[in-house]
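Colleague: File name target34.cif; file contents mmCIF, C-alpha atoms; full text below.
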```cif
data_entry
loop_
_atom_site.label_atom_id
_atom_site.label_comp_id
_atom_site.auth_asym_id
_atom_site.auth_seq_id
_atom_site.Cartn_x
_atom_site.Cartn_y
_atom_site.Cartn_z
CA MET L 101 0.00 0.00 0.00
CA VAL L 102 1.14 3.53 -0.69
CA ASP L 103 2.79 5.47 2.14
CA PHE L 104 0.37 8.11 3.45
CA GLY L 105 3.36 10.13 4.61
CA SER L 106 5.03 10.36 1.22
CA ALA L 107 5.16 13.57 -0.78
CA GLN L 108 3.91 11.70 -3.83
CA PHE L 109 0.75 10.59 -2.06
CA ARG L 110 0.14 14.06 -0.62
CA ASP L 111 0.46 15.63 -4.06
CA ARG L 112 -1.89 13.10 -5.64
CA LEU L 113 -4.45 13.48 -2.85
CA GLN L 114 -4.34 17.27 -3.01
CA ASP L 115 -4.82 17.13 -6.76
CA ALA L 116 -7.73 14.67 -6.48
CA LEU L 117 -9.48 16.76 -3.83
CA SER L 118 -8.88 19.97 -5.77
CA HIS L 119 -10.82 18.50 -8.68
CA HIS L 120 -13.63 17.02 -6.60
CA GLU L 121 -16.69 19.28 -6.79
CA GLY L 122 -18.47 17.44 -3.96
CA PHE L 123 -15.58 17.92 -1.56
CA ALA L 124 -15.33 21.61 -2.44
CA LEU L 125 -19.08 22.04 -1.90
CA GLU L 126 -19.22 20.27 1.46
CA THR L 127 -16.15 22.04 2.88
CA ARG L 128 -17.11 25.49 1.58
CA TRP L 129 -17.65 26.71 5.16
CA PHE L 130 -14.94 24.63 6.81
CA ASP L 131 -11.69 26.15 8.09
CA GLY L 132 -9.61 23.44 9.65
CA SER L 133 -7.26 20.54 9.13
CA ILE L 134 -7.81 16.84 8.56
CA VAL L 135 -5.33 14.02 9.11
CA VAL L 136 -5.54 10.63 7.41
CA GLU L 137 -3.35 8.17 9.26
CA ALA L 138 -2.34 4.58 8.46
CA ASP L 139 -0.34 3.13 11.34
CA GLU L 140 2.64 5.51 11.73
CA ALA L 141 2.23 7.24 8.35
CA ARG L 142 0.04 10.30 8.08
CA CYS L 143 -1.00 13.10 5.77
CA TRP L 144 -2.11 16.47 7.18
CA LEU L 145 -4.45 18.53 5.02
CA LYS L 146 -5.24 22.19 5.62
CA VAL L 147 -8.70 22.89 4.25
CA TYR L 148 -10.06 26.40 3.80
CA ARG L 149 -13.31 27.25 2.03
CA GLY L 150 -13.38 24.14 -0.10
CA ARG L 151 -9.72 24.09 -1.06
CA ILE L 152 -6.63 22.23 0.17
CA ILE L 153 -4.20 25.08 0.76
CA GLU L 154 -1.35 23.06 2.29
CA THR L 155 -0.31 19.47 2.99
CA LEU L 156 2.27 18.02 5.39
CA GLY L 157 3.62 14.57 6.15
CA SER L 158 3.40 15.27 9.89
CA VAL L 159 1.13 17.11 12.29
CA PRO L 160 2.18 20.73 12.96
CA PRO L 161 2.44 22.07 16.53
CA PHE L 162 -1.09 23.46 16.47
CA GLY L 163 -2.54 20.03 15.75
CA PHE L 164 -5.54 19.12 13.66
CA THR L 165 -9.29 19.53 13.68
CA PHE L 166 -9.99 15.82 13.34
CA LYS L 167 -8.28 12.68 12.21
CA LEU L 168 -9.22 9.44 10.46
CA ARG L 169 -6.97 6.79 12.01
CA GLY L 170 -6.72 3.17 10.97
CA SER L 171 -4.24 0.41 10.34
CA ARG L 172 -2.72 -0.05 6.90
CA GLN L 173 -4.85 -3.15 6.59
CA ALA L 174 -8.05 -1.21 7.35
CA TRP L 175 -7.21 1.43 4.74
CA GLN L 176 -6.33 -1.30 2.27
CA GLU L 177 -9.83 -2.75 2.77
CA LEU L 178 -11.20 0.64 1.73
CA ILE L 179 -8.79 1.15 -1.16
CA SER L 180 -9.44 -2.30 -2.59
CA GLY L 181 -13.19 -1.82 -2.36
CA GLU L 182 -13.55 -4.80 -0.04
CA ARG L 183 -15.28 -2.68 2.59
CA ARG L 184 -17.20 0.59 2.47
CA LEU L 185 -16.31 3.66 4.52
CA ALA L 186 -19.64 3.48 6.40
CA ASP L 187 -18.72 -0.03 7.49
CA LEU L 188 -15.17 0.90 8.47
CA ILE L 189 -16.02 3.99 10.54
CA THR L 190 -19.03 2.54 12.37
CA PRO L 191 -18.27 0.76 15.66
CA GLY L 192 -19.56 -2.75 16.22
CA GLN L 193 -18.50 -6.30 15.39
CA ARG L 194 -20.12 -7.40 12.12
CA ARG L 195 -17.87 -10.21 10.90
CA PHE L 196 -18.57 -13.68 12.23
CA ALA L 197 -17.16 -15.98 9.55
CA ASN L 198 -15.00 -17.64 12.21
CA ASP L 199 -17.53 -17.28 14.99
CA PRO L 200 -20.89 -18.86 14.06
CA SER L 201 -21.84 -18.96 17.74
CA LEU L 202 -21.70 -15.13 17.76
CA ALA L 203 -19.65 -15.19 20.97
CA THR L 204 -17.74 -12.10 19.85
CA ALA L 205 -20.86 -10.05 19.07
CA ASP L 206 -20.34 -6.55 20.46
CA GLY L 207 -22.18 -3.49 19.18
CA ALA L 208 -19.64 -1.23 20.88
CA ALA L 209 -16.50 -2.82 19.42
CA PRO L 210 -14.10 -0.14 18.08
CA SER L 211 -14.42 0.78 14.42
CA ARG L 212 -11.70 -0.20 11.93
CA ILE L 213 -11.12 3.46 11.06
CA VAL L 214 -11.59 5.75 14.05
CA ILE L 215 -12.49 9.43 13.82
CA GLU L 216 -10.72 11.42 16.54
CA GLY L 217 -10.54 15.08 17.48
CA ASN L 218 -13.39 17.54 17.05
CA LEU L 219 -16.22 15.15 16.27
CA LEU L 220 -18.80 17.91 15.91
CA GLU L 221 -16.76 19.38 13.06
CA ALA L 222 -16.18 15.92 11.61
CA THR L 223 -19.88 15.10 11.55
CA ARG L 224 -20.78 18.57 10.27
CA ILE L 225 -18.87 17.75 7.09
CA HIS L 226 -19.66 14.02 7.16
CA GLU L 227 -20.47 13.99 3.46
CA ALA L 228 -17.01 15.38 2.71
CA LEU L 229 -15.44 12.39 4.45
CA TYR L 230 -16.89 10.13 1.77
CA HIS L 231 -15.44 12.34 -0.94
CA LEU L 232 -12.12 12.33 0.91
CA ALA L 233 -12.17 8.53 1.17
CA GLU L 234 -12.90 8.28 -2.55
CA CYS L 235 -9.91 10.49 -3.28
CA VAL L 236 -7.67 8.61 -0.84
CA ALA L 237 -8.55 5.35 -2.58
CA ARG L 238 -7.91 6.84 -6.02
CA SER L 239 -4.63 8.44 -4.93
CA ALA L 240 -3.36 5.25 -3.30
CA GLN L 241 -3.79 3.09 -6.38
CA MET N 37 -45.11 10.87 -20.42
CA GLU N 38 -47.25 11.16 -17.32
CA THR N 39 -48.80 8.01 -15.92
CA LEU N 40 -51.16 7.42 -13.04
CA GLU N 41 -49.88 4.79 -10.65
CA GLU N 42 -52.24 2.17 -9.28
CA ILE N 43 -50.85 2.42 -5.75
CA THR N 44 -53.18 4.54 -3.64
CA GLY N 45 -52.40 6.33 -0.40
CA HIS N 46 -54.73 6.28 2.61
CA TYR N 47 -54.87 7.50 6.18
CA VAL N 48 -56.20 5.53 9.15
CA SER N 49 -56.38 6.41 12.83
CA VAL N 50 -54.61 3.73 14.88
CA GLY N 51 -55.24 4.30 18.59
CA GLY N 52 -55.68 7.98 17.79
CA THR N 53 -52.47 8.25 15.75
CA ARG N 54 -52.97 9.44 12.18
CA THR N 55 -51.18 6.84 10.08
CA PHE N 56 -50.45 6.72 6.37
CA PHE N 57 -50.31 3.62 4.19
CA ASP N 58 -49.90 2.73 0.53
CA GLU N 59 -52.10 -0.03 -0.89
CA ILE N 60 -52.62 -1.98 -4.09
CA GLY N 61 -54.43 -5.20 -4.99
CA ALA N 62 -57.01 -7.46 -3.43
CA GLY N 63 -56.79 -10.77 -1.62
CA THR N 64 -54.77 -11.96 1.35
CA PRO N 65 -53.21 -8.91 3.02
CA ILE N 66 -49.45 -8.58 3.19
CA ILE N 67 -48.17 -5.72 5.34
CA CYS N 68 -44.73 -4.48 4.34
CA VAL N 69 -42.70 -2.64 6.98
CA HIS N 70 -39.92 -0.26 5.97
CA THR N 71 -36.40 0.27 7.29
CA ALA N 72 -35.08 2.80 9.82
CA GLY N 73 -35.62 6.46 9.06
CA SER N 74 -37.54 5.82 5.86
CA ASP N 75 -41.13 5.18 4.76
CA SER N 76 -43.48 3.16 2.58
CA ARG N 77 -41.87 4.37 -0.65
CA GLU N 78 -39.18 1.72 -0.22
CA TYR N 79 -41.82 -0.79 -1.36
CA ARG N 80 -43.00 1.15 -4.43
CA TYR N 81 -41.48 -1.39 -6.84
CA LEU N 82 -42.53 -4.49 -4.90
CA LEU N 83 -46.15 -3.65 -4.03
CA PRO N 84 -47.52 -3.92 -7.61
CA LEU N 85 -45.66 -7.22 -8.11
CA LEU N 86 -47.25 -8.66 -4.98
CA ALA N 87 -50.67 -7.39 -6.08
CA ARG N 88 -50.25 -9.17 -9.43
CA ARG N 89 -49.75 -12.38 -7.48
CA GLY N 90 -53.11 -12.09 -5.78
CA LEU N 91 -52.14 -10.24 -2.62
CA ARG N 92 -53.49 -7.08 -1.07
CA ALA N 93 -50.16 -5.30 -0.64
CA ILE N 94 -50.03 -2.67 2.10
CA ALA N 95 -47.08 -0.55 3.23
CA PRO N 96 -47.51 1.85 6.17
CA ASP N 97 -45.29 4.69 7.27
CA LEU N 98 -44.32 3.75 10.83
CA PRO N 99 -45.22 6.33 13.52
CA GLY N 100 -43.00 9.40 13.33
CA HIS N 101 -41.97 8.62 9.76
CA SER N 102 -42.85 10.78 6.77
CA ARG N 103 -46.66 11.14 6.70
CA SER N 104 -47.50 9.25 9.94
CA TYR N 105 -47.47 11.17 13.22
CA PRO N 106 -45.61 9.71 16.20
CA VAL N 107 -47.62 8.10 18.97
CA GLY N 108 -48.05 10.74 21.70
CA TRP N 109 -45.66 12.99 19.72
CA GLN N 110 -42.71 10.88 20.83
CA ALA N 111 -40.53 8.79 18.51
CA ALA N 112 -40.50 5.08 19.36
CA ARG N 113 -37.31 3.86 21.02
CA THR N 114 -37.80 0.08 20.84
CA ILE N 115 -38.59 -2.49 18.19
CA HIS N 116 -41.38 -3.82 20.40
CA GLU N 117 -43.18 -0.45 20.40
CA HIS N 118 -43.16 -0.48 16.61
CA ALA N 119 -44.25 -4.12 16.50
CA GLU N 120 -47.23 -3.51 18.75
CA PHE N 121 -48.19 -0.56 16.58
CA VAL N 122 -48.01 -2.69 13.43
CA TYR N 123 -50.17 -5.28 15.20
CA SER N 124 -52.79 -2.62 15.96
CA PHE N 125 -52.49 -1.26 12.41
CA ALA N 126 -53.13 -4.76 11.01
CA LYS N 127 -56.25 -5.08 13.17
CA ALA N 128 -57.45 -1.71 11.88
CA VAL N 129 -56.98 -2.32 8.14
CA CYS N 130 -57.29 -6.11 7.71
CA ASP N 131 -60.27 -8.38 8.24
CA GLU N 132 -58.21 -11.56 8.03
CA ARG N 133 -54.83 -12.78 9.29
CA PRO N 134 -52.09 -10.89 7.43
CA ILE N 135 -48.68 -11.87 6.18
CA ILE N 136 -46.06 -9.56 7.68
CA MET N 137 -43.00 -8.64 5.65
CA GLY N 138 -40.35 -6.24 6.91
CA CYS N 139 -36.82 -5.11 6.17
CA SER N 140 -34.02 -4.10 8.58
CA ILE N 141 -35.86 -2.70 11.62
CA GLY N 142 -38.91 -3.95 9.72
CA GLY N 143 -37.33 -7.41 9.80
CA ASP N 144 -36.74 -7.12 13.54
CA ILE N 145 -40.32 -5.85 13.97
CA THR N 146 -41.59 -8.88 12.03
CA LEU N 147 -39.65 -11.22 14.31
CA ASP N 148 -40.94 -9.41 17.39
CA LEU N 149 -44.46 -10.05 16.06
CA VAL N 150 -43.56 -13.72 15.53
CA ALA N 151 -42.36 -13.86 19.15
CA ASN N 152 -45.53 -12.28 20.52
CA HIS N 153 -48.42 -12.77 18.07
CA SER N 154 -47.54 -15.65 15.73
CA ALA N 155 -51.01 -17.23 16.01
CA ASP N 156 -52.47 -14.07 14.49
CA LEU N 157 -50.13 -14.09 11.48
CA LEU N 158 -50.58 -16.12 8.32
CA ALA N 159 -46.84 -16.02 7.63
CA ALA N 160 -43.82 -13.81 8.28
CA ILE N 161 -41.08 -12.68 5.91
CA PRO N 162 -38.30 -10.85 7.78
CA MET N 163 -35.58 -9.46 5.51
CA GLU N 164 -32.22 -8.15 6.76
CA GLY N 165 -33.36 -8.69 10.35
CA ALA N 166 -32.64 -11.25 13.06
CA ALA N 167 -33.60 -12.31 16.56
CA TRP N 168 -30.67 -10.32 17.94
CA THR N 169 -28.98 -7.43 16.16
CA PRO N 170 -26.17 -5.91 18.26
CA THR N 171 -24.27 -4.76 15.18
CA PHE N 172 -23.57 -1.15 16.17
CA PRO N 173 -23.88 1.10 19.23
CA ASN N 174 -27.13 2.69 20.36
CA PRO N 175 -27.26 6.01 18.40
CA GLU N 176 -29.91 7.77 20.53
CA GLU N 177 -27.45 10.51 21.49
CA MET N 178 -27.06 11.52 17.83
CA SER N 179 -30.62 12.51 17.10
CA ARG N 180 -30.38 16.28 17.53
CA PRO N 181 -28.47 18.65 15.25
CA SER N 182 -26.85 20.29 18.25
CA TRP N 183 -25.51 16.92 19.38
CA MET N 184 -24.44 15.63 15.98
CA PRO N 185 -24.76 18.18 13.17
CA GLY N 186 -24.29 15.60 10.45
CA TRP N 187 -26.80 13.01 11.66
CA GLN N 188 -28.90 13.31 8.51
CA ASP N 189 -25.87 12.65 6.29
CA VAL N 190 -24.63 9.88 8.61
CA MET N 191 -27.98 8.11 8.29
CA GLU N 192 -28.23 8.62 4.54
CA ARG N 193 -24.69 7.39 3.92
CA ALA N 194 -25.25 4.39 6.20
CA ALA N 195 -28.26 3.54 4.04
CA ILE N 196 -26.88 3.96 0.54
CA SER N 197 -23.50 2.44 1.38
CA SER N 198 -25.22 -0.86 2.16
CA LEU N 199 -26.83 -1.23 -1.25
CA ALA N 200 -25.31 -3.85 -3.52
CA ARG N 201 -22.53 -2.45 -5.69
CA SER N 202 -24.56 -3.19 -8.82
CA VAL N 203 -27.40 -0.80 -7.93
CA PRO N 204 -27.48 2.03 -10.53
CA ALA N 205 -26.72 5.60 -9.47
CA ASP N 206 -30.26 6.93 -9.94
CA LYS N 207 -31.65 4.30 -7.55
CA VAL N 208 -28.94 5.12 -5.03
CA THR N 209 -30.14 8.73 -5.15
CA GLU N 210 -33.75 7.62 -4.90
CA LEU N 211 -33.05 5.62 -1.74
CA ARG N 212 -31.30 8.63 -0.29
CA TRP N 213 -34.40 10.77 -0.83
CA GLN N 214 -36.48 8.04 0.80
CA HIS N 215 -34.49 8.72 3.98
CA ARG N 216 -35.19 12.45 4.05
CA GLY N 217 -38.47 12.59 5.92
CA SER N 218 -37.82 10.89 9.25
CA GLN N 219 -34.57 12.13 10.76
CA LEU N 220 -35.69 12.18 14.39
CA ALA N 221 -37.50 8.86 14.24
CA ALA N 222 -34.44 7.21 12.71
CA ALA N 223 -32.39 7.52 15.89
CA GLY N 224 -35.14 5.79 17.87
CA ASP N 225 -35.43 3.09 15.20
CA LEU N 226 -31.73 2.33 15.34
CA ALA N 227 -31.71 2.47 19.14
CA GLY N 228 -34.38 -0.21 18.95
CA TRP N 229 -32.27 -2.23 16.52
CA SER N 230 -29.23 -2.12 18.82
CA LYS N 231 -31.30 -3.31 21.82
CA HIS N 232 -33.56 -5.81 20.00
CA ASP N 233 -33.32 -9.34 21.37
CA VAL N 234 -36.02 -12.00 21.02
CA ARG N 235 -33.64 -14.95 21.23
CA GLY N 236 -35.23 -17.92 22.94
CA ARG N 237 -38.74 -16.64 22.18
CA LEU N 238 -39.19 -17.93 18.63
CA ARG N 239 -39.22 -21.71 19.27
CA ASN N 240 -43.00 -21.85 19.68
CA ALA N 241 -43.81 -19.76 16.61
CA ARG N 242 -47.08 -20.89 15.04
CA CYS N 243 -46.64 -19.36 11.58
CA PRO N 244 -44.19 -20.22 8.81
CA VAL N 245 -41.26 -17.85 8.38
CA LEU N 246 -39.18 -17.00 5.33
CA LEU N 247 -35.93 -15.30 6.33
CA VAL N 248 -34.16 -13.31 3.62
CA VAL N 249 -30.66 -11.85 3.75
CA GLY N 250 -28.52 -10.19 1.08
CA LEU N 251 -24.84 -11.12 1.02
CA GLU N 252 -23.74 -7.53 0.32
CA ASP N 253 -25.42 -6.18 3.44
CA PHE N 254 -22.56 -5.47 5.83
CA TRP N 255 -24.99 -4.32 8.53
CA VAL N 256 -26.52 -7.79 8.81
CA PRO N 257 -23.95 -10.59 8.87
CA VAL N 258 -25.43 -13.79 7.47
CA GLU N 259 -24.36 -15.66 10.60
CA ILE N 260 -26.85 -13.79 12.82
CA VAL N 261 -29.63 -14.68 10.39
CA ARG N 262 -28.56 -18.34 10.32
CA ALA N 263 -28.65 -18.36 14.13
CA THR N 264 -32.20 -16.97 13.99
CA ALA N 265 -33.27 -19.63 11.47
CA LYS N 266 -32.20 -22.34 13.90
CA GLU N 267 -34.62 -21.01 16.51
CA LEU N 268 -37.71 -21.10 14.30
CA PRO N 269 -39.68 -24.37 14.01
CA ASP N 270 -41.02 -23.71 10.48
CA CYS N 271 -38.45 -21.59 8.69
CA GLU N 272 -36.79 -21.26 5.31
CA LEU N 273 -33.72 -19.12 4.73
CA GLU N 274 -32.91 -17.42 1.42
CA VAL N 275 -29.42 -15.98 1.06
CA LEU N 276 -29.27 -13.63 -1.93
CA ASP N 277 -26.11 -12.75 -3.79
CA ASP N 278 -25.80 -9.31 -5.41
CA VAL N 279 -28.28 -7.87 -2.90
CA GLY N 280 -27.57 -5.49 -0.02
CA HIS N 281 -29.66 -4.09 2.83
CA TYR N 282 -32.79 -3.31 0.75
CA PRO N 283 -33.94 -6.47 -1.11
CA MET N 284 -37.45 -5.16 -1.87
CA PHE N 285 -35.95 -2.03 -3.44
CA GLU N 286 -32.91 -3.63 -5.09
CA ALA N 287 -34.43 -6.86 -6.34
CA PRO N 288 -38.23 -6.55 -6.26
CA GLU N 289 -38.82 -9.26 -8.88
CA ARG N 290 -36.73 -11.77 -6.94
CA ILE N 291 -38.52 -10.94 -3.70
CA ALA N 292 -41.94 -11.22 -5.35
CA GLU N 293 -41.02 -14.60 -6.80
CA LEU N 294 -39.60 -15.85 -3.50
CA THR N 295 -42.72 -14.68 -1.70
CA GLU N 296 -45.04 -16.38 -4.17
CA ARG N 297 -43.07 -19.64 -4.13
CA PHE N 298 -42.98 -19.69 -0.32
CA LEU N 299 -46.69 -18.95 0.06
CA ARG N 300 -47.65 -21.57 -2.52
CA LYS N 301 -45.45 -24.16 -0.86
CA LYS N 302 -47.18 -23.43 2.44
CA LYS N 303 -50.55 -23.49 0.64
CA LEU N 304 -51.26 -19.91 1.70
CA LEU N 305 -51.75 -18.54 -1.80
CA ALA N 306 -54.45 -19.83 -4.09
CA ALA N 307 -53.34 -21.18 -7.47
CA ALA N 308 -53.68 -18.57 -10.19
#
```
Go ahead and render the structure in this file as structure tokens.
Modeller:
Amino acid sequence: MVDFGSAQFRDRLQDALSHHEGFALETRWFDGSIVVEADEARCWLKVYRGRIIETLGSVPPFGFTFKLRGSRQAWQELISGERRLADLITPGQRRFANDPSLATADGAAPSRIVIEGNLLEATRIHEALYHLAECVARSAQ
Amino acid sequence: METLEEITGHYVSVGGTRTFFDEIGAGTPIICVHTAGSDSREYRYLLPLLARRGLRAIAPDLPGHSRSYPVGWQAARTIHEHAEFVYSFAKAVCDERPIIMGCSIGGDITLDLVANHSADLLAAIPMEGAAWTPTFPNPEEMSRPSWMPGWQDVMERAAISSLARSVPADKVTELRWQHRGSQLAAAGDLAGWSKHDVRGRLRNARCPVLLVVGLEDFWVPVEIVRATAKELPDCELEVLDDVGHYPMFEAPERIAELTERFLRKKKLLAAA
């Protein structure tokens, strides 16, 4: 899988988001920063009025507004199309192929991709997260 | 071209609650219960197909959804509340034992009715539901814009993401619009889903049950439906490939055929 912290990925993601009308529309009144993080690799995106105005491979001293954090494997499930973002960001155990007795059933189990930080801001632009995930998948291929 | 559809809308007072339902056809009644945060329109493709097979196809808006007012102006918070309302609704609009079909929370509602009123049902067809559905946390704390500004989008995305990948874009958009009239009720619906548990209460069911689950529905793992099937004394299970969380909307012809075949096998539908 592509390294989220690489300059190449950041450039491709910025370009993809810059050409995504839906992302621009949903973040028109957003002034903040979003991190996408796969294990130890991360990409910081400064978003202002629908545009990505800067990217970094690390988090600056003033932090971020919210973050999407998952393992490389979780992101790969999104990138490959194996699992949908709604599935990956919603808590709860929903895979029982190896557990027909449902012993591991747990509606509060942590999600595969966790949203951290200012959750009110994250949910306010929830639709933009789907556009972001689409662009992450495209940029990582 | 403009066409007049044969489905007609009606209102009925159920225990004082003004309730909307769509209807088409004549014959044995089949009441079709929609998913969380949506309404009867989810069955717009299936209802005429059921009517053509000799059924009186009825789809209500649950209380608090779209055109039906909530009972006592409060959204339901449990599956059982909804199930008891559907039971009262059936008494109000049917003069014979109905078949109950439902999807998602409608599937859970159908199984709650099987647990509590099976002798009064001709048959039950729960889709994308199970005896126990702890597949995500209780979302009651998300129901107000001040608590979760994006709740409407969260709900809509949760819905359309669980359609099969083959569903065309215009139907994805249509399903999204079908989830734009019941935002507040949706949180109560899903709270009910997360708490629903009728395990151990289905073994004495006195009506036949056809369980349906789509393999592309990540909200409803097939294993929880298989576990439910094992509890029911007279049950068939249909596992559908290329179908997600909305079988009646995604594959109405397949659901109509499955329904007809099941009812004929159980001798509940007269030969054409």
Colleague: Counting only C-alpha atoms, which residues from chain L have an atom at most 10 Å from any atom of chain N, and could you show them as a compact mmCIF listing (two decimals) with C-alpha atoms, in the coordinates of the input?
Modeller:
```
# COMPACT_ATOMS: atom_id res chain seq x y z
CA GLY L 181 -13.19 -1.82 -2.36
CA ARG L 183 -15.28 -2.68 2.59
CA ARG L 184 -17.20 0.59 2.47
CA LEU L 185 -16.31 3.66 4.52
CA ALA L 186 -19.64 3.48 6.40
CA ASP L 187 -18.72 -0.03 7.49
CA THR L 190 -19.03 2.54 12.37
CA PRO L 191 -18.27 0.76 15.66
CA GLY L 192 -19.56 -2.75 16.22
CA GLN L 193 -18.50 -6.30 15.39
CA ARG L 194 -20.12 -7.40 12.12
CA ARG L 195 -17.87 -10.21 10.90
CA PHE L 196 -18.57 -13.68 12.23
CA ALA L 197 -17.16 -15.98 9.55
CA ASN L 198 -15.00 -17.64 12.21
CA ASP L 199 -17.53 -17.28 14.99
CA PRO L 200 -20.89 -18.86 14.06
CA SER L 201 -21.84 -18.96 17.74
CA LEU L 202 -21.70 -15.13 17.76
CA ALA L 205 -20.86 -10.05 19.07
CA ASP L 206 -20.34 -6.55 20.46
CA GLY L 207 -22.18 -3.49 19.18
CA ALA L 208 -19.64 -1.23 20.88
CA ALA L 209 -16.50 -2.82 19.42
CA PRO L 210 -14.10 -0.14 18.08
CA SER L 211 -14.42 0.78 14.42
CA LEU L 219 -16.22 15.15 16.27
CA LEU L 220 -18.80 17.91 15.91
CA GLU L 221 -16.76 19.38 13.06
CA ALA L 222 -16.18 15.92 11.61
CA THR L 223 -19.88 15.10 11.55
CA ARG L 224 -20.78 18.57 10.27
CA ILE L 225 -18.87 17.75 7.09
CA HIS L 226 -19.66 14.02 7.16
CA GLU L 227 -20.47 13.99 3.46
CA ALA L 228 -17.01 15.38 2.71
CA TYR L 230 -16.89 10.13 1.77
```
Colleague: CA of Gly217 in chain N and CA of Ala112 in chain N, how far apart in Å?
Modeller: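 Calculated distance between CA of Ala112 in chain N and CA of Gly217 in chain N is 15.5 Å.
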Colleague: My list of candidates is L:Glu137, L:Glu154, L:Glu182, L:Glu121. Which is closest to Phe104 in chain L when distances are computed with all atoms listed in the file?
Modeller: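 Among L:Glu137, L:Glu154, L:Glu182, L:Glu121, it is L:Glu137 that comes nearest to Phe104 in chain L.
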Colleague: For the structure provided, state which residues fall under the PyMOL selection byres ((chain L and resi 118) around 12), and present them as a PyMOL selection string.
Modeller: chain L and resi 110-117+119-125+127+145+147-154+231-232+235
Colleague: Anything within 6 Å of (-6.0, 25.0, 9.9): list those residues as an MDAnalysis selection string, counting only C-alpha atoms and sticking to the file's coordinates.
Modeller: chainID L and resid 132:133 146
Colleague: Starting from the PyMOL selection byres ((chain N and resi 214) around 10), expand the selection into actual residues of this file and give them as a PyMOL selection string.
Modeller: chain N and resi 73-78+102+192+195+208-213+215-218
Colleague: Translate the PyMOL selection byres ((chain N and resi 134) around 9) into a concrete residue list for this structure, as a list in words.
Modeller: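 Those residues are Thr64, Pro65, Ile66, Ile67, Ala126, Cys130, Asp131, Glu132, Arg133, Ile135, Ile136, Asp156, Leu157, Leu158, Ala159 and Ala160 of chain N.
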Colleague: For the atom pair CA of Arg89 in chain N and CA of Val279 in chain N, what is the interatomic distance in Å to one decimal place?
Modeller: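 Separating CA of Arg89 in chain N from CA of Val279 in chain N is a distance of 22.4 Å.
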Colleague: Between CA of Val249 in chain N and CA of Glu164 in chain N, what is the distance, to one decimal in Å?
Modeller: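 Taking CA of Val249 in chain N and CA of Glu164 in chain N, their separation equals 5.0 Å.
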Colleague: Quick one: everything within 8 Å of Met101 in chain L, counting all atoms listed in the file, minus sequence neighbours fewer than 3 positions away in the same chain. Send it as a compact mmCIF listing (two decimals) with C-alpha atoms, keeping the file's coordinate frame.
Modeller:
```txt
# COMPACT_ATOMS: atom_id res chain seq x y z
CA ARG L 172 -2.72 -0.05 6.90
CA GLN L 176 -6.33 -1.30 2.27
CA ALA L 240 -3.36 5.25 -3.30
```
Colleague: Need the neighbours of (-44.3, 10.4, 19.1): which residues are at most 12 Å away, counting only C-alpha atoms, as a list in words?
Modeller: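 In the file's frame, the residues around the point are Gly52, Thr53, Arg54, Thr55, Leu98, Pro99, Gly100, His101, Ser104, Tyr105, Pro106, Val107, Gly108, Trp109, Gln110, Ala111, Ala112, Arg113, Glu117, His118, Phe121, Ser218, Leu220, Ala221 and Gly224 of chain N.
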Colleague: Hey, what's within 12 Å of Arg235 in chain N if we count all atoms listed in the file and toss same-chain stuff fewer than 2 positions away? As a list in words, please?
Modeller: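 In the requested form, the answer reads Asp144, Leu147, Asp148, Val150, Ala151, Ala166, Ala167, Trp168, Thr169, Lys231, His232, Asp233, Arg237, Leu238, Arg239, Asn240, Ile260, Val261, Ala263, Thr264, Ala265, Lys266, Glu267 and Leu268 of chain N.
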Colleague: If the box runs along x, y and z of the file and leaves 8 Å on each side of range 113-117 of chain L, what are its centre and edge lengths in Å, one decimal, as JSON?
Modeller:
```
{"center_x": -6.9, "center_y": 15.4, "center_z": -4.8, "size_x": 21.1, "size_y": 19.8, "size_z": 19.9}
```
Colleague: Got a sec: who's within 8 Å of Ala138 in chain L, counting all atoms listed in the file, leaving out chain neighbours fewer than 2 positions off, as JSON, numbers by chain?
Modeller: {"L": [104, 136, 140, 141, 142, 169, 170, 171, 172, 175]}
Colleague: Please save C-alpha atoms of the selected residues as a PDB file, keeping the file's coordinate frame.
Modeller:
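Produced file selection.pdb, reproduced below:
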```
ATOM      1  CA  PHE L 104       0.370   8.110   3.450  1.00  0.00           C
ATOM      2  CA  VAL L 136      -5.540  10.630   7.410  1.00  0.00           C
ATOM      3  CA  GLU L 140       2.640   5.510  11.730  1.00  0.00           C
ATOM      4  CA  ALA L 141       2.230   7.240   8.350  1.00  0.00           C
ATOM      5  CA  ARG L 142       0.040  10.300   8.080  1.00  0.00           C
ATOM      6  CA  ARG L 169      -6.970   6.790  12.010  1.00  0.00           C
ATOM      7  CA  GLY L 170      -6.720   3.170  10.970  1.00  0.00           C
ATOM      8  CA  SER L 171      -4.240   0.410  10.340  1.00  0.00           C
ATOM      9  CA  ARG L 172      -2.720  -0.050   6.900  1.00  0.00           C
ATOM     10  CA  TRP L 175      -7.210   1.430   4.740  1.00  0.00           C
TER      11      TRP L 175
END
```
